[in-house]
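Here is the file protein_21.cif (mmCIF, C-alpha atoms and all ligand atoms; chains and numbers go by the auth columns).
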```cif
data_query
#
loop_
_atom_site.group_PDB
_atom_site.id
_atom_site.type_symbol
_atom_site.label_atom_id
_atom_site.label_comp_id
_atom_site.label_asym_id
_atom_site.label_seq_id
_atom_site.Cartn_x
_atom_site.Cartn_y
_atom_site.Cartn_z
_atom_site.B_iso_or_equiv
_atom_site.auth_seq_id
_atom_site.auth_asym_id
ATOM 1 C CA MET A 1 -8.546 3.743 -16.864 0.00 1 A
ATOM 2 C CA THR A 2 -5.018 3.073 -17.993 0.00 2 A
ATOM 3 C CA SER A 3 -4.359 -0.600 -18.618 0.00 3 A
ATOM 4 C CA VAL A 4 -1.450 -2.784 -19.621 0.00 4 A
ATOM 5 C CA ARG A 5 -1.114 -5.468 -22.237 0.00 5 A
ATOM 6 C CA VAL A 6 1.431 -8.252 -21.801 0.00 6 A
ATOM 7 C CA ASP A 7 2.644 -10.403 -24.659 0.00 7 A
ATOM 8 C CA GLU A 8 2.735 -13.824 -22.999 0.00 8 A
ATOM 9 C CA GLN A 9 5.105 -15.172 -25.639 0.00 9 A
ATOM 10 C CA LYS A 10 7.700 -12.479 -25.002 0.00 10 A
ATOM 11 C CA CYS A 11 7.403 -12.167 -21.198 0.00 11 A
ATOM 12 C CA VAL A 12 10.279 -13.922 -19.390 0.00 12 A
ATOM 13 C CA ARG A 13 8.759 -13.377 -15.895 0.00 13 A
ATOM 14 C CA CYS A 14 11.641 -11.246 -14.676 0.00 14 A
ATOM 15 C CA ARG A 15 9.353 -8.891 -12.679 0.00 15 A
ATOM 16 C CA THR A 16 11.365 -5.837 -13.684 0.00 16 A
ATOM 17 C CA CYS A 17 8.139 -4.009 -14.523 0.00 17 A
ATOM 18 C CA VAL A 18 6.806 -4.633 -11.025 0.00 18 A
ATOM 19 C CA ASP A 19 10.030 -3.711 -9.259 0.00 19 A
ATOM 20 C CA CYS A 20 10.528 -0.454 -11.150 0.00 20 A
ATOM 21 C CA CYS A 21 7.042 0.984 -10.660 0.00 21 A
ATOM 22 C CA PHE A 22 7.639 3.827 -8.220 0.00 22 A
ATOM 23 C CA ILE A 23 4.014 3.961 -7.023 0.00 23 A
ATOM 24 C CA CYS A 24 3.495 0.178 -6.932 0.00 24 A
ATOM 25 C CA ALA A 25 0.655 0.363 -9.428 0.00 25 A
ATOM 26 C CA MET A 26 2.015 -2.712 -11.185 0.00 26 A
ATOM 27 C CA VAL A 27 1.838 -5.932 -9.192 0.00 27 A
ATOM 28 C CA TRP A 28 2.685 -9.564 -9.747 0.00 28 A
ATOM 29 C CA ASP A 29 -0.075 -12.118 -10.252 0.00 29 A
ATOM 30 C CA GLY A 30 1.364 -15.231 -8.627 0.00 30 A
ATOM 31 C CA GLN A 31 -1.370 -17.465 -9.988 0.00 31 A
ATOM 32 C CA LEU A 32 -1.068 -16.433 -13.610 0.00 32 A
ATOM 33 C CA GLN A 33 2.683 -15.728 -13.290 0.00 33 A
ATOM 34 C CA ARG A 34 2.471 -12.385 -15.007 0.00 34 A
ATOM 35 C CA PRO A 35 2.368 -8.710 -14.137 0.00 35 A
ATOM 36 C CA TYR A 36 -0.845 -6.766 -14.082 0.00 36 A
ATOM 37 C CA LEU A 37 -1.745 -3.148 -13.555 0.00 37 A
ATOM 38 C CA LYS A 38 -3.763 -3.395 -10.373 0.00 38 A
ATOM 39 C CA TYR A 39 -4.028 0.354 -9.788 0.00 39 A
ATOM 40 C CA GLY A 40 -4.573 1.679 -13.272 0.00 40 A
ATOM 41 C CA ASP A 41 -6.044 4.918 -11.947 0.00 41 A
ATOM 42 C CA ASP A 42 -2.796 5.685 -10.165 0.00 42 A
ATOM 43 C CA CYS A 43 -0.545 4.889 -13.093 0.00 43 A
ATOM 44 C CA GLN A 44 1.387 8.029 -14.027 0.00 44 A
ATOM 45 C CA ILE A 45 1.972 6.807 -17.568 0.00 45 A
ATOM 46 C CA CYS A 46 5.662 7.441 -17.084 0.00 46 A
ATOM 47 C CA GLY A 47 6.534 4.525 -19.350 0.00 47 A
ATOM 48 C CA VAL A 48 9.408 3.311 -17.175 0.00 48 A
ATOM 49 C CA CYS A 49 8.060 -0.241 -16.926 0.00 49 A
ATOM 50 C CA GLU A 50 7.566 -0.439 -20.666 0.00 50 A
ATOM 51 C CA THR A 51 11.020 0.989 -21.322 0.00 51 A
ATOM 52 C CA LEU A 52 12.826 -1.324 -18.897 0.00 52 A
ATOM 53 C CA CYS A 53 11.085 -4.517 -20.000 0.00 53 A
ATOM 54 C CA PRO A 54 14.001 -6.462 -21.485 0.00 54 A
ATOM 55 C CA THR A 55 11.941 -8.214 -24.134 0.00 55 A
ATOM 56 C CA GLY A 56 9.452 -5.558 -25.194 0.00 56 A
ATOM 57 C CA ALA A 57 6.578 -7.625 -23.844 0.00 57 A
ATOM 58 C CA LEU A 58 4.790 -4.789 -22.069 0.00 58 A
ATOM 59 C CA TYR A 59 2.512 -2.178 -23.585 0.00 59 A
ATOM 60 C CA ILE A 60 0.929 0.596 -21.547 0.00 60 A
ATOM 61 C CA GLN A 61 -2.436 1.641 -22.920 0.00 61 A
ATOM 62 C CA PRO A 62 -2.854 5.176 -21.538 0.00 62 A
ATOM 63 C CA ASP A 63 -6.146 6.718 -20.568 0.00 63 A
ATOM 64 C CA TRP A 64 -5.182 10.388 -20.617 0.00 64 A
ATOM 65 C CA GLN A 65 -8.725 11.504 -19.802 0.00 65 A
ATOM 66 C CA ALA A 66 -8.747 9.677 -16.478 0.00 66 A
ATOM 67 C CA LYS A 67 -5.269 10.749 -15.423 0.00 67 A
ATOM 68 C CA HIS A 68 -5.093 12.490 -12.066 0.00 68 A
ATOM 69 C CA GLN A 69 -2.813 12.778 -9.085 0.00 69 A
ATOM 70 C CA PRO A 70 -1.978 9.422 -7.471 0.00 70 A
ATOM 71 C CA ARG A 71 -4.189 8.604 -4.536 0.00 71 A
ATOM 72 C CA LEU A 72 -1.264 6.985 -2.766 0.00 72 A
ATOM 73 C CA LEU A 73 0.462 10.329 -2.501 0.00 73 A
ATOM 74 C CA VAL A 74 -2.499 12.442 -1.415 0.00 74 A
ATOM 75 C CA GLN A 75 -3.863 10.122 1.228 0.00 75 A
ATOM 76 C CA GLY A 76 -3.649 11.742 4.630 0.00 76 A
ATOM 77 C CA ARG A 77 -2.632 15.116 3.265 0.00 77 A
ATOM 78 C CA GLU A 78 -3.970 17.985 5.364 0.00 78 A
ATOM 79 C CA LYS A 79 -6.058 20.697 3.804 0.00 79 A
ATOM 80 C CA LEU A 80 -4.495 24.134 4.189 0.00 80 A
HETATM 81 S S1 LIG B . 3.843 3.550 -16.530 0.00 101 B
HETATM 82 FE FE1 LIG B . 4.999 4.192 -14.677 0.00 101 B
HETATM 83 S S2 LIG B . 3.441 4.475 -13.077 0.00 101 B
HETATM 84 FE FE2 LIG B . 2.486 3.278 -14.726 0.00 101 B
HETATM 85 S S3 LIG B . 2.749 1.118 -14.116 0.00 101 B
HETATM 86 FE FE3 LIG B . 4.520 1.689 -15.434 0.00 101 B
HETATM 87 S S4 LIG B . 6.148 2.370 -14.015 0.00 101 B
HETATM 88 FE FE4 LIG B . 4.186 2.356 -12.890 0.00 101 B
HETATM 89 S S1 LIG B . 9.529 -6.638 -17.435 0.00 102 B
HETATM 90 FE FE1 LIG B . 8.679 -7.570 -19.320 0.00 102 B
HETATM 91 S S2 LIG B . 9.535 -9.639 -19.351 0.00 102 B
HETATM 92 FE FE2 LIG B . 9.800 -8.879 -17.255 0.00 102 B
HETATM 93 S S3 LIG B . 7.924 -9.590 -16.131 0.00 102 B
HETATM 94 FE FE3 LIG B . 7.506 -7.524 -16.925 0.00 102 B
HETATM 95 S S4 LIG B . 6.463 -7.868 -18.911 0.00 102 B
HETATM 96 FE FE4 LIG B . 7.519 -9.781 -18.346 0.00 102 B
#
```

Just dump the structure as structure tokens.
Amino acid sequence: MTSVRVDEQKCVRCRTCVDCCFICAMVWDGQLQRPYLKYGDDCQICGVCETLCPTGALYIQPDWQAKHQPRLLVQGREKL
């Protein structure tokens, strides 16, 4: 499963990585005050969150083998 690594020293808690994730795979952990990839299976490995992180604190660790269509988008889809 795709995961994310956050450099705690570099992270400025701006939440840009959470806000920019178009499938809401990245969420904010209010207790730890850091982002985490809650839905790693749905991550499209687009790299937007990593690219937009203003301090370079975020590293996506892709699992290309497990990559598949996002469940969020196929839920409720009718079979033809
Ligand atoms: S790589 Fe793309 S899909 Fe995955 S968490 Fe970041 S913005 Fe979301
Ligand atoms: S975008 Fe970067 S600095 Fe901002 S919360 Fe995410 S990891 Fe931290």

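Shortest atom-to-atom contact with Leu52 (chain A) among A:Cys17, A:Leu37, A:Ala66, A:Ala25: A:Cys17, counting all atoms listed in the file.
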
In Å to one decimal, how far is CA of Thr16 (chain A) from CA of Gln44 (chain A)? 17.1 Å

Test item: the PyMOL selection byres (((chain A and resi 1-10) around 6) and not hetatm) resolved as a PyMOL selection string: chain A and resi 11+40-41+57-63+66

Nearest-residue call for ligand LIG 102 (chain B), choices A:Val12, A:Ile45, A:Leu32, A:Val27, using only C-alpha atoms and all ligand atoms: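 Going through A:Val12, A:Ile45, A:Leu32, A:Val27 one by one, the smallest distance to ligand LIG 102 (chain B) is for A:Val12.
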
Set up a box along x, y and z of the file covering all listed atoms of ligand LIG 101 (chain B), add 4 Å on every one of the six sides, and write the centre and edge lengths in Å to one decimal, as JSON.
```
{"center_x": 4.3, "center_y": 2.8, "center_z": -14.7, "size_x": 11.7, "size_y": 11.4, "size_z": 11.6}
```

Between CA of Thr55 (chain A) and CA of Gly30 (chain A) - distance in Å to one decimal: 20.0 Å

Apply the PyMOL selection byres (((chain A and resi 19-22) around 12) and not hetatm) to the displayed file and report the matching residues as a ChimeraX atom specification. /A:13-18,23-28,35-40,42-53,70,72-73

Just C-alpha atoms for this one: save the residues we selected as a compact mmCIF listing (two decimals), in the frame of the given file.
```txt
# COMPACT_ATOMS: atom_id res chain seq x y z
CA ARG A 13 8.76 -13.38 -15.90
CA CYS A 14 11.64 -11.25 -14.68
CA ARG A 15 9.35 -8.89 -12.68
CA THR A 16 11.36 -5.84 -13.68
CA CYS A 17 8.14 -4.01 -14.52
CA VAL A 18 6.81 -4.63 -11.02
CA ILE A 23 4.01 3.96 -7.02
CA CYS A 24 3.50 0.18 -6.93
CA ALA A 25 0.66 0.36 -9.43
CA MET A 26 2.02 -2.71 -11.18
CA VAL A 27 1.84 -5.93 -9.19
CA TRP A 28 2.68 -9.56 -9.75
CA PRO A 35 2.37 -8.71 -14.14
CA TYR A 36 -0.84 -6.77 -14.08
CA LEU A 37 -1.74 -3.15 -13.56
CA LYS A 38 -3.76 -3.40 -10.37
CA TYR A 39 -4.03 0.35 -9.79
CA GLY A 40 -4.57 1.68 -13.27
CA ASP A 42 -2.80 5.68 -10.16
CA CYS A 43 -0.55 4.89 -13.09
CA GLN A 44 1.39 8.03 -14.03
CA ILE A 45 1.97 6.81 -17.57
CA CYS A 46 5.66 7.44 -17.08
CA GLY A 47 6.53 4.53 -19.35
CA VAL A 48 9.41 3.31 -17.18
CA CYS A 49 8.06 -0.24 -16.93
CA GLU A 50 7.57 -0.44 -20.67
CA THR A 51 11.02 0.99 -21.32
CA LEU A 52 12.83 -1.32 -18.90
CA CYS A 53 11.08 -4.52 -20.00
CA PRO A 70 -1.98 9.42 -7.47
CA LEU A 72 -1.26 6.98 -2.77
CA LEU A 73 0.46 10.33 -2.50
```

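Our summary of the geometry notes that atom S3 of ligand LIG 102 (chain B) is positioned 24.3 Å from CA of Trp64 (chain A).
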